[in-house]
file model.csv (CSV, N, CA and C atoms)
chain,number,residue,atom,x,y,z
U,1,MET,N,-1.2,-85.6,70.5
U,1,MET,CA,-0.7,-85.8,69.1
U,1,MET,C,-0.7,-87.3,68.8
U,2,THR,N,-1.2,-87.7,67.7
U,2,THR,CA,-1.3,-89.1,67.3
U,2,THR,C,0.0,-89.5,66.7
U,3,ILE,N,0.2,-90.8,66.6
U,3,ILE,CA,1.4,-91.4,65.9
U,3,ILE,C,1.4,-90.9,64.5
U,4,ARG,N,0.3,-90.9,63.8
U,4,ARG,CA,0.2,-90.5,62.4
U,4,ARG,C,0.7,-89.0,62.2
U,5,THR,N,0.2,-88.2,63.1
U,5,THR,CA,0.6,-86.8,63.0
U,5,THR,C,2.1,-86.6,63.3
U,6,LEU,N,2.6,-87.3,64.3
U,6,LEU,CA,4.0,-87.2,64.6
U,6,LEU,C,4.8,-87.8,63.4
U,7,THR,N,4.3,-88.8,62.8
U,7,THR,CA,5.1,-89.3,61.6
U,7,THR,C,5.1,-88.3,60.5
U,8,PHE,N,4.0,-87.6,60.2
U,8,PHE,CA,4.0,-86.6,59.2
U,8,PHE,C,5.0,-85.5,59.5
U,9,ALA,N,5.0,-85.1,60.8
U,9,ALA,CA,6.0,-84.0,61.2
U,9,ALA,C,7.4,-84.4,61.0
U,10,VAL,N,7.7,-85.7,61.4
U,10,VAL,CA,9.1,-86.2,61.2
U,10,VAL,C,9.5,-86.3,59.7
U,11,VAL,N,8.5,-86.7,58.9
U,11,VAL,CA,8.8,-86.8,57.5
U,11,VAL,C,9.0,-85.5,56.8
U,12,ALA,N,8.2,-84.5,57.2
U,12,ALA,CA,8.3,-83.1,56.7
U,12,ALA,C,9.7,-82.5,57.1
U,13,ILE,N,10.1,-82.7,58.3
U,13,ILE,CA,11.4,-82.2,58.8
U,13,ILE,C,12.5,-82.9,58.0
U,14,ALA,N,12.4,-84.2,57.9
U,14,ALA,CA,13.5,-84.9,57.1
U,14,ALA,C,13.5,-84.4,55.7
U,15,ALA,N,12.4,-84.2,55.1
U,15,ALA,CA,12.4,-83.7,53.7
U,15,ALA,C,13.0,-82.3,53.6
U,16,ALA,N,12.8,-81.5,54.6
U,16,ALA,CA,13.4,-80.1,54.6
U,16,ALA,C,15.0,-80.3,54.6
U,17,TYR,N,15.4,-81.2,55.5
U,17,TYR,CA,16.9,-81.4,55.6
U,17,TYR,C,17.4,-81.9,54.3
U,18,ALA,N,16.7,-82.8,53.6
U,18,ALA,CA,17.1,-83.4,52.4
U,18,ALA,C,17.2,-82.3,51.3
U,19,VAL,N,16.3,-81.4,51.3
U,19,VAL,CA,16.3,-80.3,50.3
U,19,VAL,C,17.5,-79.4,50.6
U,20,ILE,N,17.7,-79.1,51.8
U,20,ILE,CA,18.9,-78.2,52.2
U,20,ILE,C,20.2,-78.9,51.8
U,21,ALA,N,20.3,-80.2,52.1
U,21,ALA,CA,21.5,-80.9,51.8
U,21,ALA,C,21.8,-81.0,50.3
U,22,ALA,N,20.7,-81.3,49.5
U,22,ALA,CA,20.9,-81.4,48.1
U,22,ALA,C,21.2,-80.0,47.4
U,23,GLY,N,20.5,-79.0,47.9
U,23,GLY,CA,20.8,-77.7,47.4
U,23,GLY,C,22.2,-77.2,47.7
U,24,GLY,N,22.7,-77.5,48.8
U,24,GLY,CA,24.0,-77.1,49.1
U,24,GLY,C,25.1,-77.6,48.2
U,25,HIS,N,24.9,-78.8,47.6
U,25,HIS,CA,25.9,-79.4,46.7
U,25,HIS,C,25.6,-79.0,45.2
U,26,VAL,N,24.4,-78.6,44.9
U,26,VAL,CA,24.0,-78.3,43.5
U,26,VAL,C,24.4,-76.9,43.1
U,27,ALA,N,24.1,-75.9,44.0
U,27,ALA,CA,24.2,-74.5,43.6
U,27,ALA,C,24.9,-73.8,44.8
U,28,GLY,N,25.5,-72.7,44.5
U,28,GLY,CA,26.1,-71.8,45.5
U,28,GLY,C,25.5,-70.4,45.4
U,29,GLY,N,25.9,-69.6,46.4
U,29,GLY,CA,25.5,-68.2,46.3
U,29,GLY,C,24.4,-67.9,47.2
U,30,ASP,N,24.1,-66.6,47.3
U,30,ASP,CA,23.0,-66.1,48.2
U,30,ASP,C,21.6,-66.6,47.8
U,31,GLU,N,21.3,-66.6,46.5
U,31,GLU,CA,20.0,-67.0,46.1
U,31,GLU,C,19.7,-68.5,46.5
U,32,ALA,N,20.7,-69.4,46.3
U,32,ALA,CA,20.5,-70.8,46.6
U,32,ALA,C,20.3,-70.9,48.1
U,33,SER,N,21.1,-70.1,48.9
U,33,SER,CA,20.9,-70.2,50.4
U,33,SER,C,19.6,-69.7,50.8
U,34,ALA,N,19.1,-68.7,50.2
U,34,ALA,CA,17.7,-68.1,50.5
U,34,ALA,C,16.7,-69.2,50.1
U,35,ASN,N,16.8,-69.8,49.0
U,35,ASN,CA,15.9,-70.8,48.6
U,35,ASN,C,15.9,-72.0,49.5
U,36,GLN,N,17.0,-72.4,50.0
U,36,GLN,CA,17.1,-73.5,50.9
U,36,GLN,C,16.4,-73.1,52.2
U,37,CYS,N,16.7,-71.9,52.7
U,37,CYS,CA,16.0,-71.4,53.9
U,37,CYS,C,14.5,-71.4,53.8
U,38,ALA,N,14.0,-70.9,52.6
U,38,ALA,CA,12.6,-70.9,52.4
U,38,ALA,C,12.0,-72.3,52.4
U,39,ALA,N,12.7,-73.2,51.7
U,39,ALA,CA,12.2,-74.6,51.7
U,39,ALA,C,12.1,-75.2,53.1
U,40,GLN,N,13.0,-74.9,53.9
U,40,GLN,CA,13.0,-75.3,55.3
U,40,GLN,C,11.8,-74.7,56.0
U,41,CYS,N,11.6,-73.4,55.8
U,41,CYS,CA,10.4,-72.7,56.4
U,41,CYS,C,9.1,-73.4,56.0
U,42,TYR,N,8.9,-73.7,54.7
U,42,TYR,CA,7.7,-74.3,54.3
U,42,TYR,C,7.5,-75.7,54.8
U,43,ALA,N,8.6,-76.4,54.9
U,43,ALA,CA,8.5,-77.8,55.5
U,43,ALA,C,8.1,-77.7,57.0
U,44,GLN,N,8.7,-76.8,57.7
U,44,GLN,CA,8.3,-76.6,59.1
U,44,GLN,C,6.9,-76.2,59.2
U,45,GLU,N,6.4,-75.3,58.3
U,45,GLU,CA,5.0,-74.9,58.4
U,45,GLU,C,4.1,-76.1,58.2
U,46,ASN,N,4.4,-77.0,57.2
U,46,ASN,CA,3.6,-78.1,56.9
U,46,ASN,C,3.6,-79.1,58.1
U,47,ALA,N,4.7,-79.3,58.7
U,47,ALA,CA,4.8,-80.1,59.9
U,47,ALA,C,3.9,-79.5,61.0
U,48,CYS,N,4.0,-78.2,61.2
U,48,CYS,CA,3.3,-77.5,62.2
U,48,CYS,C,1.8,-77.7,62.0
U,49,ARG,N,1.3,-77.5,60.8
U,49,ARG,CA,-0.1,-77.6,60.4
U,49,ARG,C,-0.6,-79.0,60.7
U,50,ARG,N,0.2,-80.0,60.3
U,50,ARG,CA,-0.3,-81.4,60.5
U,50,ARG,C,-0.3,-81.7,62.0
U,51,ALA,N,0.7,-81.2,62.7
U,51,ALA,CA,0.8,-81.6,64.2
U,51,ALA,C,-0.3,-80.8,65.0
U,52,THR,N,-0.8,-79.7,64.5
U,52,THR,CA,-1.7,-78.9,65.3
U,52,THR,C,-3.0,-78.7,64.7
U,53,SER,N,-3.4,-79.5,63.7
U,53,SER,CA,-4.7,-79.3,63.0
U,53,SER,C,-4.9,-77.9,62.5
U,54,ASP,N,-3.9,-77.4,61.8
U,54,ASP,CA,-4.0,-76.1,61.1
U,54,ASP,C,-4.1,-74.9,62.1
U,55,ASP,N,-3.4,-74.9,63.1
U,55,ASP,CA,-3.3,-73.8,64.1
U,55,ASP,C,-2.8,-72.6,63.4
U,56,PRO,N,-3.5,-71.4,63.6
U,56,PRO,CA,-3.1,-70.2,62.9
U,56,PRO,C,-1.7,-69.8,63.3
U,57,LYS,N,-1.1,-70.2,64.4
U,57,LYS,CA,0.2,-69.8,64.7
U,57,LYS,C,1.2,-70.3,63.7
U,58,CYS,N,0.9,-71.4,63.0
U,58,CYS,CA,1.8,-71.9,62.0
U,58,CYS,C,2.1,-70.9,60.9
U,59,GLY,N,1.1,-70.2,60.5
U,59,GLY,CA,1.2,-69.2,59.5
U,59,GLY,C,2.1,-68.0,59.9
U,60,ALA,N,1.9,-67.6,61.2
U,60,ALA,CA,2.7,-66.6,61.8
U,60,ALA,C,4.2,-67.0,61.9
U,61,GLU,N,4.4,-68.3,62.3
U,61,GLU,CA,5.8,-68.8,62.3
U,61,GLU,C,6.4,-68.8,61.0
U,62,LEU,N,5.6,-69.2,59.9
U,62,LEU,CA,6.1,-69.2,58.6
U,62,LEU,C,6.6,-67.8,58.2
U,63,THR,N,5.8,-66.8,58.4
U,63,THR,CA,6.1,-65.4,58.1
U,63,THR,C,7.4,-65.0,58.7
U,64,ARG,N,7.6,-65.3,60.0
U,64,ARG,CA,8.8,-64.9,60.7
U,64,ARG,C,10.0,-65.7,60.1
U,65,CYS,N,9.8,-66.9,59.8
U,65,CYS,CA,10.9,-67.7,59.3
U,65,CYS,C,11.4,-67.2,57.9
U,66,LEU,N,10.4,-66.8,57.0
U,66,LEU,CA,10.7,-66.3,55.7
U,66,LEU,C,11.4,-64.9,55.8
U,67,GLN,N,11.0,-64.1,56.8
U,67,GLN,CA,11.6,-62.8,57.0
U,67,GLN,C,13.1,-63.0,57.5
U,68,THR,N,13.3,-64.0,58.2
U,68,THR,CA,14.7,-64.4,58.7
U,68,THR,C,15.5,-64.8,57.4
U,69,CYS,N,14.9,-65.5,56.5
U,69,CYS,CA,15.6,-65.9,55.3
U,69,CYS,C,16.0,-64.7,54.5
U,70,ARG,N,15.2,-63.8,54.4
U,70,ARG,CA,15.5,-62.5,53.6
U,70,ARG,C,16.6,-61.7,54.2
U,71,GLY,N,16.7,-61.8,55.5
U,71,GLY,CA,17.7,-61.0,56.3
U,71,GLY,C,19.1,-61.6,56.1
U,72,LYS,N,19.2,-62.9,55.6
U,72,LYS,CA,20.5,-63.5,55.5
U,72,LYS,C,21.3,-63.0,54.4

call {"tool": "encode", "arguments": {"input": "model.csv", "output": "structure tokens"}}
result
Amino acid sequence: MTIRTLTFAVVAIAAAYAVIAAGGHVAGGDEASANQCAAQCYAQENACRRATSDDPKCGAELTRCLQTCRGK
């Protein structure tokens, strides 16, 4: 893994946490929670794709993550 790839992964994860933190103060309820969860899933997928050069496992992990969000 290169420094550039690692940097993208860290930035994507930080962005996901920022989205979650901002959403938690702006809106309440189940829909907002599900949206925050989905935003985190997509940020994780982006970081995964950058870190692994578009490994297909990233899509499978996204699907599992989104299914977990729906179950909350």

call {"tool": "atom_distance", "arguments": {"input": "model.csv", "atom1": "atom N of Ala34 in chain U", "atom2": "atom N of Arg49 in chain U"}}
result
22.5 Å

call {"tool": "atom_distance", "arguments": {"input": "model.csv", "atom1": "atom C of Ser53 in chain U", "atom2": "CA of Cys41 in chain U"}}
result
17.3 Å

call {"tool": "atom_distance", "arguments": {"input": "model.csv", "atom1": "atom N of Cys65 in chain U", "atom2": "atom N of Asp30 in chain U"}}
result
19.0 Å

call {"tool": "residues_near_point", "arguments": {"input": "model.csv", "point": "(8.9, -67.9, 56.7)", "cutoff": "12 Å", "atoms": "only C-alpha atoms", "output": "PyMOL selection string"}}
result
chain U and resi 34-46+57-71
